Amino acid sequence: GMRETASPATLPADTLKADILWHVLYSLGRDNERPDRQTVFRALALALRDRLVEKWIASQRAIYAKSSKRVYYLSLEFLPGPFLRQNLIALGLEKEARDALTELGFTLDDVAGEEWEPGLGNGGLGRLASCYLDSMAALRLPAYGYGIRYAFGIFHQLIRDGQQVERADNWLRGGQHWEFERTHYMHPVRFYGSVREWVDEQGRLRHTLEGGSTVMAMACDMFIPGYRNDYVLNMRLWAAKSSREFEFSFFNTGDYIGAVEKKIRDENISMVLYPNDEAPEGKELRLKQQFFLVSATMQDIVRRFRKKGVAWDQFPRKNVIHLNETHPAVAIPELMRLLVDEELLPWEEAWYICVRTFAYTNHTVLPEALEVWPEELFRKVLPRHLQIIYEINRRFLHDVRRQFPHDPGLLARVSLIHEGEQRFVRMSHLAIVGSFSVNGVSAHHSNIIKESIFNEFYKIFPERFNNKTNGITPRRWLRQCNPTLAWLITEHIGTEWLTDLEQLKKLEPYAESAGFQKAWMEVRLRNKQKLAEYIHAKNGITILPESLYDVHVKRFHEYKRQLLNILHVITLYNRIRRDPDAGIVPRTFIFGGKAAPGYYMAKHIIQLINAVGYTINTDPRVGDMLKVVFLQNYCVTLAERIMPATDLSEQISTAGMEASGTGNMKFALNGAITIGTHDGANIEMLEHVGDENLFLFGLLSHEVEDLRRQGYNPRTFYETDSELREVLDMISGGYFSPGDPHMFRDIVESLLNHGDRYMVLADFRSYAYRQQDAARAYLDQPGWARRSMLNTARMGFFSSDRSMGEYARDIWGVEGV
Ligand code: 26Q
């Protein structure tokens, strides 16, 4: 009864089970006789946190003892995904946890299902940051991740009547058991105010910010363990806390409610993640978030540096600050402010330090996605930083004028300030001018940067530009999400691939083995069955596990061309309607992804996909030949279910528009075959897996440009391709929206009458042909098995361990501790 189990401390200490029961009682304050599943999850998380924090302290001591150069990875977004399995695998505690949970009457699957992932990012960029932290820990790099602990992460997506509906993501309800909230560790962050210029006793011109308002940044630490190496690094996320509580005088004025309202306004800063990617929103709160992260982080960095007691000129030898996109680029003027205004260094010395400290990664090629801030807004929020940016710009333009005296237009084009009716601060120009390294995220993208968007900067600073092709962590994206395939691989080539993904090459000889092919395809089929069960439970749609799973999951954006995919789905539907015995390969089309809440066209395309899905799935003529599924709320957790069960991976962006893509790598690592365009990392994947193992189609990026220059007329494709015409006529004629025939007119209009900016029609026929090749290939199951295995076997290059190794060696100049 009660009495025997009420004293968990008497159980043998440091077994996982004992620790779970200890935490149920002492940390969670609950009866540990029959704890429920949620309670067990929370206690298990706490028991693991205990182990993580010990290793983190030891890791920190090692960094300190070696006096290593530190890497600071600054990102407005992190998408770590669920931690439980990942931490168990890294700590080598999976088996012990399973056993402990069994004794408590649960399975690991059940308990892991209790975790709500932190959605502190939009998609690719945030997930990349988390893969990189995993690899930095695996490589024992002296690194820190810095970000914001948004109270609400990316919205939870529901599909209602075929449309996206957003729900707040209250991930902190029920408490957070992986983090340490450092309620006594805070930094002040100051906004607004005005700059007072004055001359000190030594006759120096000084700048002091007066007035303004202060918000406190509270540290929340989450631990990222390296793979079975006893090394742990820290992702420090800042939460905004009002400073009012510390200002007693404020309450003495008698305006108690007013004071509390102000407190709430301050704490808004870290309230919510901006849910738009690619189209930056120029909102004051967003700028405040960026500076909030930067100011708090710089204070941390400087505090640690000061402990060394060395001179400021040593700063770049001891620290490197990496900017994930331009979002934290205000760190550049912030470091200048610290050095010039507070440390009283001469401008030239401060700038010398600055440009040797920062490195910047660009993740976009779309010119409209480059971040700019209205000058007025910038001046209001960060008056001193705007002055510093102007001074950086003045000196920079002076140098450019000397280097290129015969190009008068150049200065305006490279200026940190865009001059027009309104002035804007160009954050990418600031980041390039203030960094010693500027990198793109795939070979193709890095070339585009040098040749087009930043071509003039490339001429000014050729040595700064470099490529670091993205990667993904094999621990999460194979070992964790696909344990049965991971085990099959390990049985044949051992475990080294987990930390040296090139080892997967050793699978190649098995590609011809009938026995191995069979085992491989059995694992894949089981994964597909599991996904079918999930789809049945969530969407009520029955799909054939033997059908070709054709999957398109990523954020919704016109350049990613989910529209091209659905046009092809309708084409297949029409072929079946015309000839039910056409013998097409049974297919299941799976879509998933969120649209920015204000992105009308992206939301409309989601609605079209659901409408087409409804029509096709309920048409008795179609039966099992074709199914269309939209899985709501695509996120890391859902990606982990989908990747292992995909046959065909859709990577079909307009050539030249996807900087890299990382989903493409996750699919291929799990044995999916890609259908894709010559874009981003697809091109390097092609080089690695070979063109017989990847279905490439469509215009090349220079052809896209040429066609646009020559005057692209989408109507010619409509007029000459009868299958395409039929599809577009059905959509605009209301075939999929009988209740409202005009519902999807805008979509067809955008293609036929508004220039089809993403060249959907130009690529349609080539896509449809390649899809036919894919279907034919699928009919040859041994051939498919071989292709699938070769995809996995040749994905070694795309490990984020490789990416991080390159960053460490070529950019940061650091080694493992
Ligand atoms: C900026 C300002 C204000 C509000 C939001 C933003 C914002 C937020 C997120 C702008 C862009 C993003 C995200 C961009 C992104 O995810 N880019 C993707 O990065 C991946 C990792 O390198 C690449 O693989 C993808 O190709 C790229 O699209």
# chains A, B, ... in the order shown; residues from 1 in each chain; ligands from 1
>>> closest_atom_pairs(of="chain A", to="ligand 1", cutoff="7 Å", atoms="only C-alpha atoms and all ligand atoms", output="CSV")
residue,atom,partner,partner_atom_place_in_ligand_line,distance
A:Asn122,CA,ligand 1,9 (C),5.9
A:Gly123,CA,ligand 1,16 (O),5.1
A:Gly124,CA,ligand 1,16 (O),3.9
A:Leu125,CA,ligand 1,16 (O),3.7
A:Gly126,CA,ligand 1,16 (O),6.5
A:Leu128,CA,ligand 1,21 (C),5.5
A:Tyr274,CA,ligand 1,4 (C),5.4
A:Pro275,CA,ligand 1,5 (C),6.7
A:Asn276,CA,ligand 1,5 (C),5.0
A:Asp277,CA,ligand 1,12 (C),3.7
A:Glu278,CA,ligand 1,11 (C),4.3
A:Ala279,CA,ligand 1,10 (C),6.0
A:Pro280,CA,ligand 1,2 (C),3.6
A:Glu281,CA,ligand 1,3 (C),4.4
A:Gly282,CA,ligand 1,3 (C),6.2
A:Arg286,CA,ligand 1,3 (C),6.2
A:His327,CA,ligand 1,1 (C),6.4
A:His363,CA,ligand 1,19 (O),4.9
A:Thr364,CA,ligand 1,27 (C),5.9
A:Ala369,CA,ligand 1,10 (C),6.8
A:Glu371,CA,ligand 1,2 (C),6.1
A:Val441,CA,ligand 1,22 (O),5.5
A:Asn470,CA,ligand 1,22 (O),6.4
A:Glu658,CA,ligand 1,26 (O),4.4
A:Ala659,CA,ligand 1,26 (O),3.8
A:Ser660,CA,ligand 1,26 (O),3.9
A:Gly661,CA,ligand 1,24 (O),3.3
A:Thr662,CA,ligand 1,24 (O),4.9
A:Gly680,CA,ligand 1,26 (O),6.7
>>> write_last_selection(atoms="C-alpha atoms", output="compact mmCIF listing (two decimals), in the first residue's frame")
# COMPACT_ATOMS: atom_id res chain seq x y z
CA ASN A 122 8.87 28.77 -38.46
CA GLY A 123 10.57 26.05 -40.44
CA GLY A 124 13.86 25.51 -42.22
CA LEU A 125 15.94 28.19 -40.55
CA GLY A 126 14.91 27.32 -37.00
CA LEU A 128 18.67 24.07 -39.05
CA TYR A 274 6.29 36.02 -35.69
CA PRO A 275 4.75 33.38 -37.92
CA ASN A 276 5.91 34.66 -41.29
CA ASP A 277 8.95 33.35 -43.03
CA GLU A 278 10.32 34.71 -46.30
CA ALA A 279 8.24 37.92 -46.09
CA PRO A 280 9.60 39.86 -43.14
CA GLU A 281 7.15 42.02 -41.27
CA GLY A 282 8.40 45.48 -40.31
CA ARG A 286 9.72 42.41 -33.95
CA HIS A 327 17.55 38.82 -37.66
CA HIS A 363 19.20 31.86 -46.11
CA THR A 364 17.30 33.51 -48.89
CA ALA A 369 12.56 38.65 -48.33
CA GLU A 371 15.08 42.39 -44.12
CA VAL A 441 23.53 27.39 -47.47
CA ASN A 470 23.29 22.65 -44.94
CA GLU A 658 14.97 27.63 -52.60
CA ALA A 659 18.24 28.49 -50.88
CA SER A 660 18.89 24.91 -49.81
CA GLY A 661 16.01 22.95 -48.37
CA THR A 662 16.67 20.44 -45.60
CA GLY A 680 19.21 24.52 -53.64
>>> residues_around(residues="Arg206 of chain A", least_positions_apart="6", cutoff="9 Å", atoms="only C-alpha atoms", output="list in words")
Arg196, Glu197, Trp198, Val199, Asp200, Val340, Asp341 and Leu344 of chain A
>>> select_by_dssp(residues="segment 349-435 of chain A", states="strand (DSSP E)", output="JSON list (two decimals) with C-alpha atoms, in the first residue's frame")
[["chain", "number", "residue", "atom", "x", "y", "z"],
["A", 358, "PHE", "CA", 30.91, 38.36, -36.61],
["A", 359, "ALA", "CA", 29.99, 35.80, -39.24],
["A", 360, "TYR", "CA", 26.70, 35.84, -41.13],
["A", 361, "THR", "CA", 24.66, 33.14, -42.87],
["A", 372, "VAL", "CA", 14.78, 46.18, -44.03],
["A", 373, "TRP", "CA", 13.58, 48.56, -41.30],
["A", 374, "PRO", "CA", 12.01, 51.98, -41.76],
["A", 417, "ILE", "CA", 20.50, 52.88, -46.09],
["A", 418, "HIS", "CA", 17.98, 52.57, -48.87],
["A", 424, "PHE", "CA", 15.20, 51.99, -44.80],
["A", 425, "VAL", "CA", 18.03, 50.32, -42.95],
["A", 426, "ARG", "CA", 19.19, 47.32, -45.00]]
>>> residues_around(residues="Phe315 of chain A", least_positions_apart="4", cutoff="9 Å", atoms="only C-alpha atoms", output="list in words")
Phe305, Val310, Ala311, Asn319, Val320, Ile353, Cys354, Arg356 and Thr357 of chain A
>>> residues_around(residues="Ala129 of chain A", least_positions_apart="5", cutoff="8 Å", atoms="only C-alpha atoms", output="JSON, numbers by chain")
{"A": [75, 77, 78, 79, 324]}
>>> write_last_selection(atoms="N, CA and C atoms", output="mmCIF file, in the first residue's frame")
data_model
loop_
_atom_site.group_PDB
_atom_site.id
_atom_site.type_symbol
_atom_site.label_atom_id
_atom_site.label_comp_id
_atom_site.auth_asym_id
_atom_site.auth_seq_id
_atom_site.Cartn_x
_atom_site.Cartn_y
_atom_site.Cartn_z
ATOM 1 N N SER A 75 20.183 33.149 -32.887
ATOM 2 C CA SER A 75 19.082 32.869 -33.807
ATOM 3 C C SER A 75 17.769 33.279 -33.170
ATOM 4 N N GLU A 77 15.195 31.958 -33.942
ATOM 5 C CA GLU A 77 14.370 30.760 -33.994
ATOM 6 C C GLU A 77 15.179 29.505 -33.686
ATOM 7 N N PHE A 78 14.574 28.619 -32.917
ATOM 8 C CA PHE A 78 15.071 27.251 -32.746
ATOM 9 C C PHE A 78 13.865 26.330 -32.805
ATOM 10 N N LEU A 79 14.018 25.195 -33.472
ATOM 11 C CA LEU A 79 12.935 24.208 -33.528
ATOM 12 C C LEU A 79 13.485 22.865 -33.081
ATOM 13 N N ASN A 324 22.464 33.974 -37.445
ATOM 14 C CA ASN A 324 21.595 33.127 -38.260
ATOM 15 C C ASN A 324 20.601 34.035 -38.978
#
>>> select_by_dssp(residues="segment 514-699 of chain A", states="alpha helix (DSSP H)", output="ChimeraX atom specification")
/A:514-539,562-578,600-617,636-642,663-669,682-689
>>> write_last_selection(atoms="C-alpha atoms", output="compact mmCIF listing (two decimals), in the first residue's frame")
# COMPACT_ATOMS: atom_id res chain seq x y z
CA ALA A 514 17.78 -9.66 -52.94
CA GLY A 515 17.68 -10.59 -49.27
CA PHE A 516 18.65 -7.16 -48.09
CA GLN A 517 16.29 -5.49 -50.54
CA LYS A 518 13.48 -7.56 -49.10
CA ALA A 519 14.37 -6.68 -45.52
CA TRP A 520 14.70 -3.02 -46.49
CA MET A 521 11.30 -2.92 -48.17
CA GLU A 522 9.66 -4.75 -45.26
CA VAL A 523 10.87 -2.10 -42.84
CA ARG A 524 9.63 0.60 -45.16
CA LEU A 525 6.24 -1.07 -45.54
CA ARG A 526 5.83 -1.31 -41.77
CA ASN A 527 6.58 2.40 -41.51
CA LYS A 528 4.01 3.07 -44.21
CA GLN A 529 1.44 0.97 -42.36
CA LYS A 530 1.99 3.01 -39.23
CA LEU A 531 1.49 6.25 -41.12
CA ALA A 532 -1.68 4.78 -42.69
CA GLU A 533 -3.01 4.12 -39.19
CA TYR A 534 -2.24 7.67 -38.15
CA ILE A 535 -3.95 9.07 -41.25
CA HIS A 536 -6.96 6.87 -40.62
CA ALA A 537 -7.18 8.08 -37.03
CA LYS A 538 -6.70 11.76 -37.87
CA ASN A 539 -8.39 12.21 -41.23
CA GLN A 562 2.47 23.02 -53.88
CA LEU A 563 0.20 24.31 -56.66
CA LEU A 564 2.23 22.50 -59.33
CA ASN A 565 1.81 19.30 -57.35
CA ILE A 566 -1.96 19.60 -57.06
CA LEU A 567 -2.26 20.39 -60.78
CA HIS A 568 -0.55 17.08 -61.42
CA VAL A 569 -2.85 15.29 -58.96
CA ILE A 570 -5.83 16.59 -60.91
CA THR A 571 -4.20 15.42 -64.13
CA LEU A 572 -3.98 11.87 -62.79
CA TYR A 573 -7.57 12.12 -61.63
CA ASN A 574 -8.65 13.07 -65.13
CA ARG A 575 -6.74 10.16 -66.63
CA ILE A 576 -8.56 7.79 -64.29
CA ARG A 577 -11.92 9.38 -65.05
CA ARG A 578 -11.30 8.97 -68.75
CA TYR A 600 -3.71 35.00 -48.83
CA MET A 601 -2.49 32.96 -51.79
CA ALA A 602 -0.76 30.32 -49.67
CA LYS A 603 -3.91 29.83 -47.61
CA HIS A 604 -5.98 29.64 -50.73
CA ILE A 605 -3.76 26.88 -52.12
CA ILE A 606 -4.25 24.91 -48.90
CA GLN A 607 -7.97 25.26 -49.42
CA LEU A 608 -7.70 24.09 -53.03
CA ILE A 609 -5.72 21.00 -52.02
CA ASN A 610 -8.38 20.09 -49.47
CA ALA A 611 -11.17 20.66 -51.97
CA VAL A 612 -9.45 18.52 -54.59
CA GLY A 613 -8.82 15.89 -51.92
CA TYR A 614 -12.46 15.81 -50.96
CA THR A 615 -13.59 15.44 -54.58
CA ILE A 616 -11.12 12.68 -55.38
CA ASN A 617 -11.41 10.74 -52.13
CA VAL A 636 8.91 18.35 -36.08
CA THR A 637 6.89 15.66 -34.30
CA LEU A 638 4.83 15.02 -37.42
CA ALA A 639 7.89 15.12 -39.68
CA GLU A 640 9.35 12.30 -37.60
CA ARG A 641 6.33 10.15 -38.51
CA ILE A 642 6.34 11.08 -42.18
CA GLY A 663 13.50 18.34 -45.79
CA ASN A 664 14.92 17.00 -49.06
CA MET A 665 17.83 15.55 -47.05
CA LYS A 666 15.62 14.04 -44.32
CA PHE A 667 13.53 12.15 -46.86
CA ALA A 668 16.48 10.81 -48.82
CA LEU A 669 18.30 9.72 -45.67
CA ASN A 682 18.81 19.17 -54.67
CA ILE A 683 21.67 19.78 -57.07
CA GLU A 684 24.28 18.48 -54.63
CA MET A 685 22.04 15.56 -53.74
CA LEU A 686 21.93 14.68 -57.41
CA GLU A 687 25.73 14.74 -57.55
CA HIS A 688 25.91 12.37 -54.61
CA VAL A 689 23.12 9.88 -55.36
>>> residues_around(residues="Glu210 of chain A", least_positions_apart="6", cutoff="12 Å", atoms="only C-alpha atoms", output="PyMOL selection string")
chain A and resi 190-197+382-384
>>> write_last_selection(atoms="N, CA and C atoms", output="PDB file, in the first residue's frame")
ATOM      1  N   ARG A 190      17.640  48.067 -22.801  1.00  0.00           N
ATOM      2  CA  ARG A 190      17.031  49.406 -22.906  1.00  0.00           C
ATOM      3  C   ARG A 190      16.617  49.783 -24.316  1.00  0.00           C
ATOM      4  N   PHE A 191      15.391  50.293 -24.431  1.00  0.00           N
ATOM      5  CA  PHE A 191      14.863  50.766 -25.712  1.00  0.00           C
ATOM      6  C   PHE A 191      14.510  52.247 -25.617  1.00  0.00           C
ATOM      7  N   TYR A 192      14.252  52.842 -26.792  1.00  0.00           N
ATOM      8  CA  TYR A 192      13.761  54.228 -26.885  1.00  0.00           C
ATOM      9  C   TYR A 192      14.754  55.216 -26.268  1.00  0.00           C
ATOM     10  N   GLY A 193      14.245  56.312 -25.791  1.00  0.00           N
ATOM     11  CA  GLY A 193      15.103  57.335 -25.190  1.00  0.00           C
ATOM     12  C   GLY A 193      15.722  58.230 -26.266  1.00  0.00           C
ATOM     13  N   SER A 194      16.670  59.055 -25.807  1.00  0.00           N
ATOM     14  CA  SER A 194      17.343  59.933 -26.762  1.00  0.00           C
ATOM     15  C   SER A 194      18.826  59.983 -26.421  1.00  0.00           C
ATOM     16  N   VAL A 195      19.615  60.362 -27.411  1.00  0.00           N
ATOM     17  CA  VAL A 195      21.063  60.346 -27.241  1.00  0.00           C
ATOM     18  C   VAL A 195      21.528  61.738 -26.823  1.00  0.00           C
ATOM     19  N   ARG A 196      22.250  61.798 -25.713  1.00  0.00           N
ATOM     20  CA  ARG A 196      22.843  63.072 -25.305  1.00  0.00           C
ATOM     21  C   ARG A 196      24.321  63.054 -25.669  1.00  0.00           C
ATOM     22  N   GLU A 197      24.754  64.071 -26.384  1.00  0.00           N
ATOM     23  CA  GLU A 197      26.175  64.199 -26.713  1.00  0.00           C
ATOM     24  C   GLU A 197      26.807  65.148 -25.722  1.00  0.00           C
ATOM     25  N   LEU A 382      15.773  52.418 -31.333  1.00  0.00           N
ATOM     26  CA  LEU A 382      17.213  52.263 -31.056  1.00  0.00           C
ATOM     27  C   LEU A 382      17.987  53.477 -31.570  1.00  0.00           C
ATOM     28  N   PRO A 383      17.775  54.648 -30.954  1.00  0.00           N
ATOM     29  CA  PRO A 383      18.361  55.868 -31.524  1.00  0.00           C
ATOM     30  C   PRO A 383      19.884  55.821 -31.630  1.00  0.00           C
ATOM     31  N   ARG A 384      20.560  55.337 -30.625  1.00  0.00           N
ATOM     32  CA  ARG A 384      22.015  55.309 -30.669  1.00  0.00           C
ATOM     33  C   ARG A 384      22.513  54.335 -31.736  1.00  0.00           C
TER      34      ARG A 384
END
>>> closest_residue(among="A:Ala259, A:Ala143, A:Ile453, A:Met222", to="Leu46 of chain A", atoms="only C-alpha atoms")
A:Met222
>>> closest_residue(among="A:Ala645, A:Leu158, A:Ala240, A:Met336", to="Glu348 of chain A", atoms="only C-alpha atoms")
A:Met336
>>> closest_residue(among="A:Val760, A:Ile159, A:Leu28, A:Ala785", to="Lys560 of chain A", atoms="only C-alpha atoms")
A:Val760
>>> closest_residue(among="A:Pro80, A:Arg725, A:Ala62, A:Thr107", to="Arg127 of chain A", atoms="only C-alpha atoms")
A:Pro80
>>> residues_around(residues="Phe83 of chain A", least_positions_apart="2", cutoff="9 Å", atoms="only C-alpha atoms", output="compact mmCIF listing (two decimals) with N, CA and C atoms, in the first residue's frame")
# COMPACT_ATOMS: atom_id res chain seq x y z
N ALA A 45 11.43 13.50 -17.46
CA ALA A 45 12.17 14.66 -18.00
C ALA A 45 13.06 15.25 -16.91
N PRO A 80 13.64 22.69 -31.78
CA PRO A 80 14.33 21.48 -31.31
C PRO A 80 13.52 20.19 -31.47
N GLY A 81 12.20 20.30 -31.57
CA GLY A 81 11.40 19.07 -31.60
C GLY A 81 11.33 18.48 -30.22
N ARG A 85 13.03 11.36 -26.51
CA ARG A 85 13.77 10.27 -27.14
C ARG A 85 15.19 10.68 -27.47
N GLN A 86 15.31 11.93 -27.94
CA GLN A 86 16.61 12.43 -28.35
C GLN A 86 17.59 12.39 -27.17
N ASN A 87 17.13 12.86 -26.02
CA ASN A 87 18.00 12.87 -24.84
C ASN A 87 18.31 11.46 -24.35
N LEU A 88 17.31 10.59 -24.41
CA LEU A 88 17.56 9.20 -24.00
C LEU A 88 18.63 8.55 -24.88
N ALA A 112 6.31 9.19 -24.38
CA ALA A 112 6.87 10.18 -25.31
C ALA A 112 5.74 10.98 -25.96
N GLU A 115 4.71 14.56 -24.72
CA GLU A 115 5.52 15.78 -24.86
C GLU A 115 4.96 16.69 -25.94
N GLU A 117 6.05 19.67 -28.34
CA GLU A 117 7.33 20.23 -28.78
C GLU A 117 7.36 21.75 -28.71
N TRP A 178 12.25 20.57 -19.05
CA TRP A 178 13.61 20.42 -19.58
C TRP A 178 14.49 21.61 -19.22
>>> closest_residue(among="A:Asp110, A:Glu342, A:Asp550, A:Glu491", to="Phe630 of chain A", atoms="only C-alpha atoms")
A:Asp550
